[in-house]
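Source file: query-v3.cif (mmCIF, C-alpha atoms)
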data_model
#
loop_
_atom_site.group_PDB
_atom_site.id
_atom_site.type_symbol
_atom_site.label_atom_id
_atom_site.label_comp_id
_atom_site.auth_asym_id
_atom_site.auth_seq_id
_atom_site.Cartn_x
_atom_site.Cartn_y
_atom_site.Cartn_z
ATOM 1 C CA MET A 1 -11.408 104.105 65.635
ATOM 2 C CA GLU A 2 -9.613 105.609 62.648
ATOM 3 C CA TYR A 3 -5.803 105.577 62.460
ATOM 4 C CA GLU A 4 -3.140 107.349 60.413
ATOM 5 C CA LYS A 5 0.640 107.344 60.108
ATOM 6 C CA LEU A 6 2.305 110.260 61.872
ATOM 7 C CA GLY A 7 4.057 111.965 58.969
ATOM 8 C CA VAL A 8 6.817 109.757 57.582
ATOM 9 C CA THR A 9 7.347 107.852 60.841
ATOM 10 C CA ASN A 10 6.143 104.312 61.457
ATOM 11 C CA LEU A 11 3.908 105.441 64.323
ATOM 12 C CA GLU A 12 0.254 104.773 63.526
ATOM 13 C CA VAL A 13 -1.835 106.979 65.785
ATOM 14 C CA SER A 14 -5.541 107.129 66.503
ATOM 15 C CA LYS A 15 -7.247 110.060 64.789
ATOM 16 C CA ILE A 16 -8.573 111.121 68.173
ATOM 17 C CA GLY A 17 -5.927 111.570 70.833
ATOM 18 C CA PHE A 18 -6.261 111.851 74.591
ATOM 19 C CA GLY A 19 -5.097 115.302 75.734
ATOM 20 C CA CYS A 20 -3.777 115.072 79.287
ATOM 21 C CA TRP A 21 -3.742 118.698 80.433
ATOM 22 C CA ALA A 22 -7.250 118.421 81.887
ATOM 23 C CA ILE A 23 -6.291 115.535 84.207
ATOM 24 C CA SER A 24 -3.344 117.444 85.667
ATOM 25 C CA GLY A 25 -5.265 119.275 88.373
ATOM 26 C CA HIS A 26 -4.101 122.668 87.083
ATOM 27 C CA GLY A 27 -5.836 124.845 84.515
ATOM 28 C CA TYR A 28 -9.158 123.015 84.317
ATOM 29 C CA GLY A 29 -10.300 123.078 87.927
ATOM 30 C CA LYS A 30 -10.296 120.191 90.362
ATOM 31 C CA VAL A 31 -9.990 116.632 89.116
ATOM 32 C CA ASP A 32 -10.574 113.217 90.574
ATOM 33 C CA ASP A 33 -7.575 111.004 89.852
ATOM 34 C CA GLN A 34 -9.720 107.862 89.875
ATOM 35 C CA GLU A 35 -12.003 109.406 87.254
ATOM 36 C CA SER A 36 -8.947 110.345 85.210
ATOM 37 C CA ILE A 37 -7.710 106.762 85.346
ATOM 38 C CA ALA A 38 -11.156 105.483 84.373
ATOM 39 C CA ALA A 39 -11.190 107.901 81.418
ATOM 40 C CA ILE A 40 -7.826 106.594 80.212
ATOM 41 C CA HIS A 41 -9.083 103.012 80.496
ATOM 42 C CA LYS A 42 -12.186 103.973 78.515
ATOM 43 C CA ALA A 43 -9.991 105.520 75.826
ATOM 44 C CA LEU A 44 -8.063 102.269 75.517
ATOM 45 C CA ASP A 45 -11.328 100.339 75.178
ATOM 46 C CA LEU A 46 -12.334 102.670 72.334
ATOM 47 C CA GLY A 47 -9.101 102.060 70.425
ATOM 48 C CA ILE A 48 -7.383 105.335 71.279
ATOM 49 C CA ASN A 49 -3.633 104.761 71.344
ATOM 50 C CA PHE A 50 -2.211 108.300 71.363
ATOM 51 C CA PHE A 51 -1.793 110.093 74.688
ATOM 52 C CA ASP A 52 -0.344 113.600 74.720
ATOM 53 C CA THR A 53 0.933 115.207 77.900
ATOM 54 C CA ALA A 54 3.676 117.606 79.071
ATOM 55 C CA ASP A 55 5.961 117.846 82.055
ATOM 56 C CA VAL A 56 4.393 121.169 83.086
ATOM 57 C CA TYR A 57 0.851 119.767 83.206
ATOM 58 C CA GLY A 58 0.256 119.674 86.941
ATOM 59 C CA PHE A 59 4.039 119.965 87.346
ATOM 60 C CA GLY A 60 4.479 116.267 86.635
ATOM 61 C CA HIS A 61 1.122 115.036 87.949
ATOM 62 C CA SER A 62 -0.378 114.403 84.507
ATOM 63 C CA GLU A 63 2.548 112.182 83.506
ATOM 64 C CA LYS A 64 2.335 110.225 86.754
ATOM 65 C CA ILE A 65 -1.414 109.599 86.466
ATOM 66 C CA LEU A 66 -1.072 108.597 82.809
ATOM 67 C CA SER A 67 1.646 106.081 83.649
ATOM 68 C CA LYS A 68 -0.331 104.674 86.576
ATOM 69 C CA ALA A 69 -3.463 104.252 84.450
ATOM 70 C CA LEU A 70 -1.648 102.585 81.551
ATOM 71 C CA GLY A 71 0.366 100.214 83.721
ATOM 72 C CA SER A 72 1.928 97.438 81.658
ATOM 73 C CA LEU A 73 0.299 98.881 78.526
ATOM 74 C CA ARG A 74 2.495 101.992 78.592
ATOM 75 C CA ASP A 75 4.855 100.321 76.100
ATOM 76 C CA LYS A 76 1.959 99.264 73.848
ATOM 77 C CA VAL A 77 0.584 102.744 73.159
ATOM 78 C CA ILE A 78 2.092 105.968 71.843
ATOM 79 C CA ILE A 79 2.920 108.417 74.605
ATOM 80 C CA ALA A 80 3.973 111.913 73.590
ATOM 81 C CA THR A 81 5.168 114.414 76.131
ATOM 82 C CA LYS A 82 6.622 117.902 75.902
ATOM 83 C CA PHE A 83 9.268 120.107 77.516
ATOM 84 C CA GLY A 84 10.134 123.766 77.175
ATOM 85 C CA VAL A 85 7.991 125.274 79.924
ATOM 86 C CA ALA A 86 9.923 124.981 83.170
ATOM 87 C CA TRP A 87 8.841 126.059 86.638
ATOM 88 C CA ASP A 88 10.113 127.106 90.044
ATOM 89 C CA GLU A 89 8.719 128.766 93.171
ATOM 90 C CA ASN A 90 8.078 131.952 91.178
ATOM 91 C CA GLY A 91 5.986 130.309 88.461
ATOM 92 C CA THR A 92 6.522 129.031 84.934
ATOM 93 C CA TYR A 93 8.966 130.197 82.286
ATOM 94 C CA ARG A 94 10.175 128.979 78.905
ATOM 95 C CA ASP A 95 13.505 127.169 78.734
ATOM 96 C CA CYS A 96 14.776 125.229 75.711
ATOM 97 C CA SER A 97 18.408 125.155 76.754
ATOM 98 C CA PRO A 98 20.372 121.911 76.324
ATOM 99 C CA LYS A 99 20.590 121.636 80.116
ATOM 100 C CA ARG A 100 16.803 121.754 80.349
ATOM 101 C CA VAL A 101 16.423 119.198 77.542
ATOM 102 C CA PHE A 102 18.452 116.616 79.450
ATOM 103 C CA GLU A 103 16.920 117.378 82.854
ATOM 104 C CA ALA A 104 13.342 117.442 81.612
ATOM 105 C CA LEU A 105 13.710 114.249 79.608
ATOM 106 C CA GLU A 106 15.116 112.257 82.518
ATOM 107 C CA ALA A 107 12.333 113.503 84.797
ATOM 108 C CA SER A 108 9.611 112.657 82.269
ATOM 109 C CA LEU A 109 11.019 109.184 81.634
ATOM 110 C CA ARG A 110 11.065 108.597 85.386
ATOM 111 C CA ARG A 111 7.468 109.769 85.920
ATOM 112 C CA LEU A 112 6.176 107.872 82.882
ATOM 113 C CA LYS A 113 8.249 104.779 83.774
ATOM 114 C CA LEU A 114 9.606 104.503 80.242
ATOM 115 C CA ASP A 115 13.068 103.844 78.856
ATOM 116 C CA CYS A 116 12.311 105.553 75.543
ATOM 117 C CA LEU A 117 9.708 108.141 74.550
ATOM 118 C CA PRO A 118 7.926 107.471 71.241
ATOM 119 C CA LEU A 119 7.571 111.230 70.629
ATOM 120 C CA TYR A 120 9.274 114.075 72.496
ATOM 121 C CA GLN A 121 8.060 117.563 71.614
ATOM 122 C CA ILE A 122 9.330 121.097 72.175
ATOM 123 C CA HIS A 123 6.339 122.693 73.902
ATOM 124 C CA TRP A 124 7.118 126.373 73.297
ATOM 125 C CA TYR A 125 10.295 127.885 71.866
ATOM 126 C CA ASP A 126 11.921 130.213 74.398
ATOM 127 C CA ASN A 127 13.047 132.794 71.794
ATOM 128 C CA ASN A 128 16.450 132.841 73.452
ATOM 129 C CA THR A 129 18.280 129.533 72.998
ATOM 130 C CA PRO A 130 19.526 129.038 69.418
ATOM 131 C CA ILE A 131 17.210 126.373 68.029
ATOM 132 C CA SER A 132 20.264 124.539 66.697
ATOM 133 C CA GLU A 133 21.483 123.992 70.268
ATOM 134 C CA THR A 134 18.121 122.619 71.374
ATOM 135 C CA MET A 135 18.021 120.272 68.402
ATOM 136 C CA GLU A 136 21.594 119.094 68.939
ATOM 137 C CA ALA A 137 20.696 118.167 72.515
ATOM 138 C CA LEU A 138 17.582 116.321 71.341
ATOM 139 C CA GLU A 139 19.633 114.515 68.709
ATOM 140 C CA LYS A 140 21.953 113.260 71.462
ATOM 141 C CA CYS A 141 18.932 111.973 73.386
ATOM 142 C CA GLN A 142 17.716 110.250 70.243
ATOM 143 C CA LYS A 143 21.090 108.593 69.594
ATOM 144 C CA ALA A 144 21.152 107.446 73.223
ATOM 145 C CA GLY A 145 17.895 105.565 72.600
ATOM 146 C CA LYS A 146 15.820 107.707 74.968
ATOM 147 C CA VAL A 147 13.753 109.426 72.278
ATOM 148 C CA ARG A 148 12.392 107.777 69.158
ATOM 149 C CA TYR A 149 11.051 110.787 67.272
ATOM 150 C CA ILE A 150 11.240 114.548 67.834
ATOM 151 C CA GLY A 151 8.298 116.888 67.382
ATOM 152 C CA CYS A 152 7.402 120.491 68.117
ATOM 153 C CA SER A 153 4.455 122.527 69.273
ATOM 154 C CA ASN A 154 3.484 126.136 68.530
ATOM 155 C CA PHE A 155 6.275 126.586 65.949
ATOM 156 C CA SER A 156 6.184 128.749 62.856
ATOM 157 C CA SER A 157 7.106 126.992 59.621
ATOM 158 C CA GLU A 158 10.250 129.153 59.472
ATOM 159 C CA LEU A 159 11.359 127.871 62.866
ATOM 160 C CA VAL A 160 10.655 124.293 61.758
ATOM 161 C CA LEU A 161 12.898 124.771 58.723
ATOM 162 C CA GLU A 162 15.680 126.179 60.901
ATOM 163 C CA ALA A 163 15.403 123.253 63.346
ATOM 164 C CA ASN A 164 15.428 120.738 60.492
ATOM 165 C CA LYS A 165 18.936 121.852 59.530
ATOM 166 C CA VAL A 166 20.144 119.874 62.561
ATOM 167 C CA GLN A 167 17.623 117.049 62.848
ATOM 168 C CA ARG A 168 14.212 116.431 61.344
ATOM 169 C CA LEU A 169 11.099 117.369 63.291
ATOM 170 C CA GLN A 170 8.526 114.674 62.534
ATOM 171 C CA SER A 171 5.397 116.363 63.862
ATOM 172 C CA ILE A 172 3.932 119.719 64.753
ATOM 173 C CA GLN A 173 1.196 120.464 67.261
ATOM 174 C CA LEU A 174 -0.913 123.597 66.855
ATOM 175 C CA LEU A 175 -4.122 125.207 68.095
ATOM 176 C CA TYR A 176 -6.915 124.647 65.594
ATOM 177 C CA ASN A 177 -10.688 124.462 65.485
ATOM 178 C CA PHE A 178 -13.400 125.801 63.215
ATOM 179 C CA ALA A 179 -13.390 129.152 65.058
ATOM 180 C CA GLN A 180 -9.621 129.490 65.623
ATOM 181 C CA ARG A 181 -7.740 129.066 62.369
ATOM 182 C CA ASP A 182 -4.754 131.385 62.670
ATOM 183 C CA TRP A 183 -2.313 128.506 62.121
ATOM 184 C CA GLU A 184 -3.779 127.294 58.805
ATOM 185 C CA ALA A 185 -0.814 128.483 56.735
ATOM 186 C CA GLU A 186 1.627 126.550 58.968
ATOM 187 C CA ILE A 187 -0.571 123.457 58.868
ATOM 188 C CA LEU A 188 -0.615 123.461 55.070
ATOM 189 C CA GLU A 189 3.128 124.106 54.829
ATOM 190 C CA CYS A 190 4.109 121.449 57.362
ATOM 191 C CA PHE A 191 1.813 118.794 55.932
ATOM 192 C CA ASN A 192 2.204 119.360 52.198
ATOM 193 C CA ARG A 193 5.808 120.517 51.865
ATOM 194 C CA LEU A 194 7.547 119.196 54.964
ATOM 195 C CA LYS A 195 5.589 115.908 55.210
ATOM 196 C CA MET A 196 5.116 116.279 58.948
ATOM 197 C CA GLY A 197 2.414 114.752 61.073
ATOM 198 C CA VAL A 198 -0.091 117.414 62.142
ATOM 199 C CA ILE A 199 -1.548 117.172 65.640
ATOM 200 C CA VAL A 200 -4.042 119.827 66.712
ATOM 201 C CA TYR A 201 -5.279 120.811 70.135
ATOM 202 C CA GLY A 202 -8.162 123.005 71.275
ATOM 203 C CA VAL A 203 -10.555 121.315 68.832
ATOM 204 C CA LEU A 204 -13.400 121.799 71.327
ATOM 205 C CA GLY A 205 -12.379 125.327 72.260
ATOM 206 C CA ARG A 206 -11.470 124.214 75.800
ATOM 207 C CA GLY A 207 -14.963 122.767 76.179
ATOM 208 C CA LEU A 208 -16.697 125.760 74.622
ATOM 209 C CA PHE A 209 -18.131 123.710 71.737
ATOM 210 C CA SER A 210 -19.445 120.960 74.008
ATOM 211 C CA ASP A 211 -22.733 122.857 74.520
ATOM 212 C CA LYS A 212 -22.293 122.558 78.288
ATOM 213 C CA TYR A 213 -22.059 126.276 79.018
ATOM 214 C CA ASP A 214 -24.288 129.324 78.766
ATOM 215 C CA LEU A 215 -23.861 133.001 79.654
ATOM 216 C CA SER A 216 -24.296 132.211 83.350
ATOM 217 C CA ALA A 217 -21.298 129.834 83.386
ATOM 218 C CA LYS A 218 -18.778 130.432 86.162
ATOM 219 C CA PHE A 219 -15.275 128.984 86.432
ATOM 220 C CA GLY A 220 -13.305 128.616 89.650
ATOM 221 C CA GLN A 221 -10.128 130.518 90.455
ATOM 222 C CA TYR A 222 -8.014 127.462 89.633
ATOM 223 C CA ASP A 223 -9.622 127.119 86.209
ATOM 224 C CA SER A 224 -7.700 129.210 83.674
ATOM 225 C CA ARG A 225 -10.873 129.648 81.635
ATOM 226 C CA SER A 226 -11.952 132.193 84.255
ATOM 227 C CA ARG A 227 -9.290 134.453 82.714
ATOM 228 C CA ASP A 228 -9.788 133.414 79.073
ATOM 229 C CA GLU A 229 -11.381 136.115 76.907
ATOM 230 C CA ASP A 230 -13.183 133.439 74.879
ATOM 231 C CA PHE A 231 -15.312 132.831 77.977
ATOM 232 C CA GLN A 232 -16.009 136.465 78.816
ATOM 233 C CA GLY A 233 -18.305 139.254 77.685
ATOM 234 C CA GLN A 234 -19.286 139.813 74.087
ATOM 235 C CA LYS A 235 -16.797 137.293 72.748
ATOM 236 C CA PHE A 236 -18.310 134.575 74.917
ATOM 237 C CA ARG A 237 -21.757 135.530 73.644
ATOM 238 C CA LYS A 238 -20.643 135.266 70.018
ATOM 239 C CA ASN A 239 -18.906 131.956 70.663
ATOM 240 C CA LEU A 240 -22.114 130.547 72.085
ATOM 241 C CA GLU A 241 -23.873 131.594 68.882
ATOM 242 C CA LEU A 242 -21.365 129.440 66.987
ATOM 243 C CA VAL A 243 -22.353 126.526 69.209
ATOM 244 C CA SER A 244 -25.917 126.905 67.941
ATOM 245 C CA VAL A 245 -24.593 126.288 64.416
ATOM 246 C CA LEU A 246 -22.937 123.078 65.634
ATOM 247 C CA LYS A 247 -26.216 121.979 67.214
ATOM 248 C CA LYS A 248 -28.145 122.648 64.023
ATOM 249 C CA ILE A 249 -25.729 120.614 61.911
ATOM 250 C CA GLY A 250 -25.535 117.831 64.470
ATOM 251 C CA MET A 251 -29.281 117.262 64.287
ATOM 252 C CA ASN A 252 -28.867 116.143 60.663
ATOM 253 C CA TYR A 253 -26.455 113.385 61.686
ATOM 254 C CA GLY A 254 -27.700 112.455 65.137
ATOM 255 C CA LYS A 255 -24.447 113.864 66.552
ATOM 256 C CA THR A 256 -23.623 116.210 69.414
ATOM 257 C CA PRO A 257 -22.000 119.642 68.947
ATOM 258 C CA SER A 258 -18.707 118.204 70.250
ATOM 259 C CA GLN A 259 -18.752 115.420 67.698
ATOM 260 C CA VAL A 260 -19.477 117.849 64.863
ATOM 261 C CA ALA A 261 -16.657 120.172 65.955
ATOM 262 C CA ILE A 262 -14.169 117.289 66.056
ATOM 263 C CA ARG A 263 -15.385 115.876 62.745
ATOM 264 C CA TRP A 264 -14.937 119.273 61.079
ATOM 265 C CA VAL A 265 -11.262 119.143 62.052
ATOM 266 C CA LEU A 266 -10.815 115.511 61.008
ATOM 267 C CA ASP A 267 -12.346 116.180 57.588
ATOM 268 C CA ASN A 268 -9.366 118.406 56.822
ATOM 269 C CA PRO A 269 -6.984 116.089 54.889
ATOM 270 C CA CYS A 270 -3.969 117.673 56.618
ATOM 271 C CA MET A 271 -4.982 116.416 60.049
ATOM 272 C CA THR A 272 -3.246 113.419 61.551
ATOM 273 C CA CYS A 273 -4.725 113.591 65.045
ATOM 274 C CA ALA A 274 -7.191 115.776 66.942
ATOM 275 C CA LEU A 275 -6.477 116.005 70.669
ATOM 276 C CA THR A 276 -9.409 116.296 73.033
ATOM 277 C CA GLY A 277 -8.970 117.207 76.671
ATOM 278 C CA VAL A 278 -10.697 114.699 78.917
ATOM 279 C CA LYS A 279 -11.484 114.415 82.633
ATOM 280 C CA ARG A 280 -14.187 111.719 82.700
ATOM 281 C CA PRO A 281 -14.970 108.460 80.837
ATOM 282 C CA GLU A 282 -18.207 109.772 79.351
ATOM 283 C CA GLN A 283 -16.332 112.642 77.711
ATOM 284 C CA ILE A 284 -13.941 110.429 75.788
ATOM 285 C CA ALA A 285 -16.834 108.136 74.842
ATOM 286 C CA GLU A 286 -18.671 111.105 73.332
ATOM 287 C CA ASN A 287 -15.557 112.327 71.532
ATOM 288 C CA ALA A 288 -15.036 108.908 69.960
ATOM 289 C CA GLY A 289 -18.412 109.354 68.265
ATOM 290 C CA ALA A 290 -16.695 111.795 65.893
ATOM 291 C CA VAL A 291 -15.138 108.956 63.857
ATOM 292 C CA GLY A 292 -16.680 106.675 61.250
ATOM 293 C CA TRP A 293 -18.620 109.344 59.334
ATOM 294 C CA LYS A 294 -18.030 112.595 57.442
ATOM 295 C CA LEU A 295 -19.680 115.982 57.128
ATOM 296 C CA LEU A 296 -21.378 116.897 53.890
ATOM 297 C CA ARG A 297 -19.641 119.729 52.068
ATOM 298 C CA LYS A 298 -22.525 122.131 52.668
ATOM 299 C CA ASP A 299 -22.349 121.545 56.413
ATOM 300 C CA TRP A 300 -18.578 121.944 56.466
ATOM 301 C CA GLU A 301 -18.997 125.257 54.639
ATOM 302 C CA MET A 302 -21.754 126.357 57.029
ATOM 303 C CA LEU A 303 -19.263 126.189 59.869
ATOM 304 C CA VAL A 304 -16.713 128.161 57.871
ATOM 305 C CA LYS A 305 -19.398 130.761 57.190
ATOM 306 C CA GLY A 306 -20.294 130.921 60.857
ATOM 307 C CA TYR A 307 -16.647 131.434 61.766
ATOM 308 C CA ASN A 308 -16.165 134.147 59.151
ATOM 309 C CA GLY A 309 -19.298 135.936 60.306
ATOM 310 C CA ALA A 310 -18.138 135.883 63.915
ATOM 311 C CA LYS A 311 -14.672 137.104 62.929
ATOM 312 C CA GLN A 312 -16.154 140.237 61.356
ATOM 313 C CA LEU A 313 -18.035 141.241 64.508
#

For this file, write the structure as structure tokens.
Amino acid sequence: MEYEKLGVTNLEVSKIGFGCWAISGHGYGKVDDQESIAAIHKALDLGINFFDTADVYGFGHSEKILSKALGSLRDKVIIATKFGVAWDENGTYRDCSPKRVFEALEASLRRLKLDCLPLYQIHWYDNNTPISETMEALEKCQKAGKVRYIGCSNFSSELVLEANKVQRLQSIQLLYNFAQRDWEAEILECFNRLKMGVIVYGVLGRGLFSDKYDLSAKFGQYDSRSRDEDFQGQKFRKNLELVSVLKKIGMNYGKTPSQVAIRWVLDNPCMTCALTGVKRPEQIAENAGAVGWKLLRKDWEMLVKGYNGAKQL
């Protein structure tokens, strides 16, 4: 496994992280908790030490399963969770109020069976609470020894700068893969100027780049991909054409499309960690095959060309 410091912190994280949304039982169809636990154990065997979850993933279930699987090792790895998407009987909603900060943190610590979170991240800004108030609440949690470092997810660089006036955000988490690059400007700004750790999710396009689907693919009603435009109609067809580019490149390295897609992300010098959503041990084993090698420049550029061609359609 490859490792890198998370920004200017002293956390050294694996370049491939275990994304815990898929094991939550919500958003990715049904899951088997025993398989989820086995996948986490496999990740540990492979040297993966960074596990990213959120309180809203399965409404607490993801955090509970992660804690159960890690057992006594939960203090030996780097667990990152998130708050900012709350829920009630009517569904989910964004809430970054100080009240929610304190409530969500206590609940996450309880489910994860931790006294202090290595990294606590704002999942989504609610566009209502002054960011200074959210950061002041997080600073109190930090001073109380319940949070080691503070991070954010889905923030613009302008919002990061505003938050930093109160307390420094050490990391940012954004959607990024070779076909979805809308956040590139923020990634460059946060890495180069703000010296933040950059964590990216969606590197496999929610499984799209795994080469496991074709035009006949069907997703159940509890799988949010059934409502995702990337998996429907003409856009789905064009995305599958991009997978053929991954397959072609992978043949030159003896690698799978998934491994090529992850490696493309990791070859960007701004990237600290690429999160991959996992439900089964064999998936994390395949993902780990993305480390220990690099893409040739011509192959990296071929993927950029494929993305640009698809974007024009």

Which residues are near range 119-122 of chain A? Cut-off 8 Å, only C-alpha atoms, ignore same chain within fewer than 3 positions. Put them as a PyMOL selection string. chain A and resi 78-84+96+125+147-153

Rank nothing, just name the residue among A:Arg74, A:Lys195, A:Arg100, A:Lys113 nearest to Met271 in chain A, using all atoms listed in the file.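 Once distances to Met271 in chain A are computed over all atoms listed in the file, the minimum belongs to A:Lys195.
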
Find the spatial neighbours of Pro130 in chain A, counting all atoms listed in the file, within a cut-off of 10 Å - ignore same-chain residues fewer than 4 positions away - and output them as a PDB file with C-alpha atoms, keeping the file's coordinate frame.
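Writing done, so here's around-v2.pdb:
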ATOM      1  CA  CYS A  96      14.776 125.229  75.711  1.00  0.00           C
ATOM      2  CA  SER A  97      18.408 125.155  76.754  1.00  0.00           C
ATOM      3  CA  PRO A  98      20.372 121.911  76.324  1.00  0.00           C
ATOM      4  CA  TYR A 125      10.295 127.885  71.866  1.00  0.00           C
ATOM      5  CA  ASP A 126      11.921 130.213  74.398  1.00  0.00           C
ATOM      6  CA  THR A 134      18.121 122.619  71.374  1.00  0.00           C
ATOM      7  CA  MET A 135      18.021 120.272  68.402  1.00  0.00           C
ATOM      8  CA  GLU A 162      15.680 126.179  60.901  1.00  0.00           C
ATOM      9  CA  ALA A 163      15.403 123.253  63.346  1.00  0.00           C
TER      10      ALA A 163
END

Target residues per the PyMOL selection byres ((chain A and resi 85) around 7), formatted as a PyMOL selection string: chain A and resi 56+83-84+86-87+92-95+123-124

Would you put the residues from that selection into a file with C-alpha atoms, as an mmCIF file, keeping the file's coordinate frame?
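The resulting file, again.cif, is reproduced below:
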data_model
loop_
_atom_site.group_PDB
_atom_site.id
_atom_site.type_symbol
_atom_site.label_atom_id
_atom_site.label_comp_id
_atom_site.auth_asym_id
_atom_site.auth_seq_id
_atom_site.Cartn_x
_atom_site.Cartn_y
_atom_site.Cartn_z
ATOM 1 C CA VAL A 56 4.393 121.169 83.086
ATOM 2 C CA PHE A 83 9.268 120.107 77.516
ATOM 3 C CA GLY A 84 10.134 123.766 77.175
ATOM 4 C CA ALA A 86 9.923 124.981 83.170
ATOM 5 C CA TRP A 87 8.841 126.059 86.638
ATOM 6 C CA THR A 92 6.522 129.031 84.934
ATOM 7 C CA TYR A 93 8.966 130.197 82.286
ATOM 8 C CA ARG A 94 10.175 128.979 78.905
ATOM 9 C CA ASP A 95 13.505 127.169 78.734
ATOM 10 C CA HIS A 123 6.339 122.693 73.902
ATOM 11 C CA TRP A 124 7.118 126.373 73.297
#

What is the CA of Lys42 in chain A-CA of Glu282 in chain A distance in Å, reported with one decimal?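 For CA of Lys42 in chain A relative to CA of Glu282 in chain A, the distance reads 8.4 Å.
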
Given the file above and the PyMOL selection byres ((chain A and resi 141-145) around 9), which residues are selected, and can you give them as a PDB file with C-alpha atoms, in the coordinates of the input?
ATOM      1  CA  VAL A 101      16.423 119.198  77.542  1.00  0.00           C
ATOM      2  CA  PHE A 102      18.452 116.616  79.450  1.00  0.00           C
ATOM      3  CA  LEU A 105      13.710 114.249  79.608  1.00  0.00           C
ATOM      4  CA  ASP A 115      13.068 103.844  78.856  1.00  0.00           C
ATOM      5  CA  CYS A 116      12.311 105.553  75.543  1.00  0.00           C
ATOM      6  CA  LEU A 117       9.708 108.141  74.550  1.00  0.00           C
ATOM      7  CA  GLU A 136      21.594 119.094  68.939  1.00  0.00           C
ATOM      8  CA  ALA A 137      20.696 118.167  72.515  1.00  0.00           C
ATOM      9  CA  LEU A 138      17.582 116.321  71.341  1.00  0.00           C
ATOM     10  CA  GLU A 139      19.633 114.515  68.709  1.00  0.00           C
ATOM     11  CA  LYS A 140      21.953 113.260  71.462  1.00  0.00           C
ATOM     12  CA  LYS A 146      15.820 107.707  74.968  1.00  0.00           C
ATOM     13  CA  VAL A 147      13.753 109.426  72.278  1.00  0.00           C
ATOM     14  CA  ARG A 148      12.392 107.777  69.158  1.00  0.00           C
ATOM     15  CA  TYR A 149      11.051 110.787  67.272  1.00  0.00           C
ATOM     16  CA  ILE A 150      11.240 114.548  67.834  1.00  0.00           C
TER      17      ILE A 150
END

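Closest approach to Val265 in chain A from the set A:Glu286, A:Glu184, A:Glu189, A:Asp52 is made by A:Glu184, with distances taken over all atoms listed in the file.
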
A:Gly207, A:Gly19, A:Pro118, A:Gly7 ranked by distance to Cys190 in chain A, top pick (using only C-alpha atoms): A:Gly7

So which one's closest to Asn252 in chain A, A:Leu112, A:Cys20, A:Ala285, A:Leu295? Using all atoms listed in the file, please.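 Closest to Asn252 in chain A of all the choices is A:Leu295.
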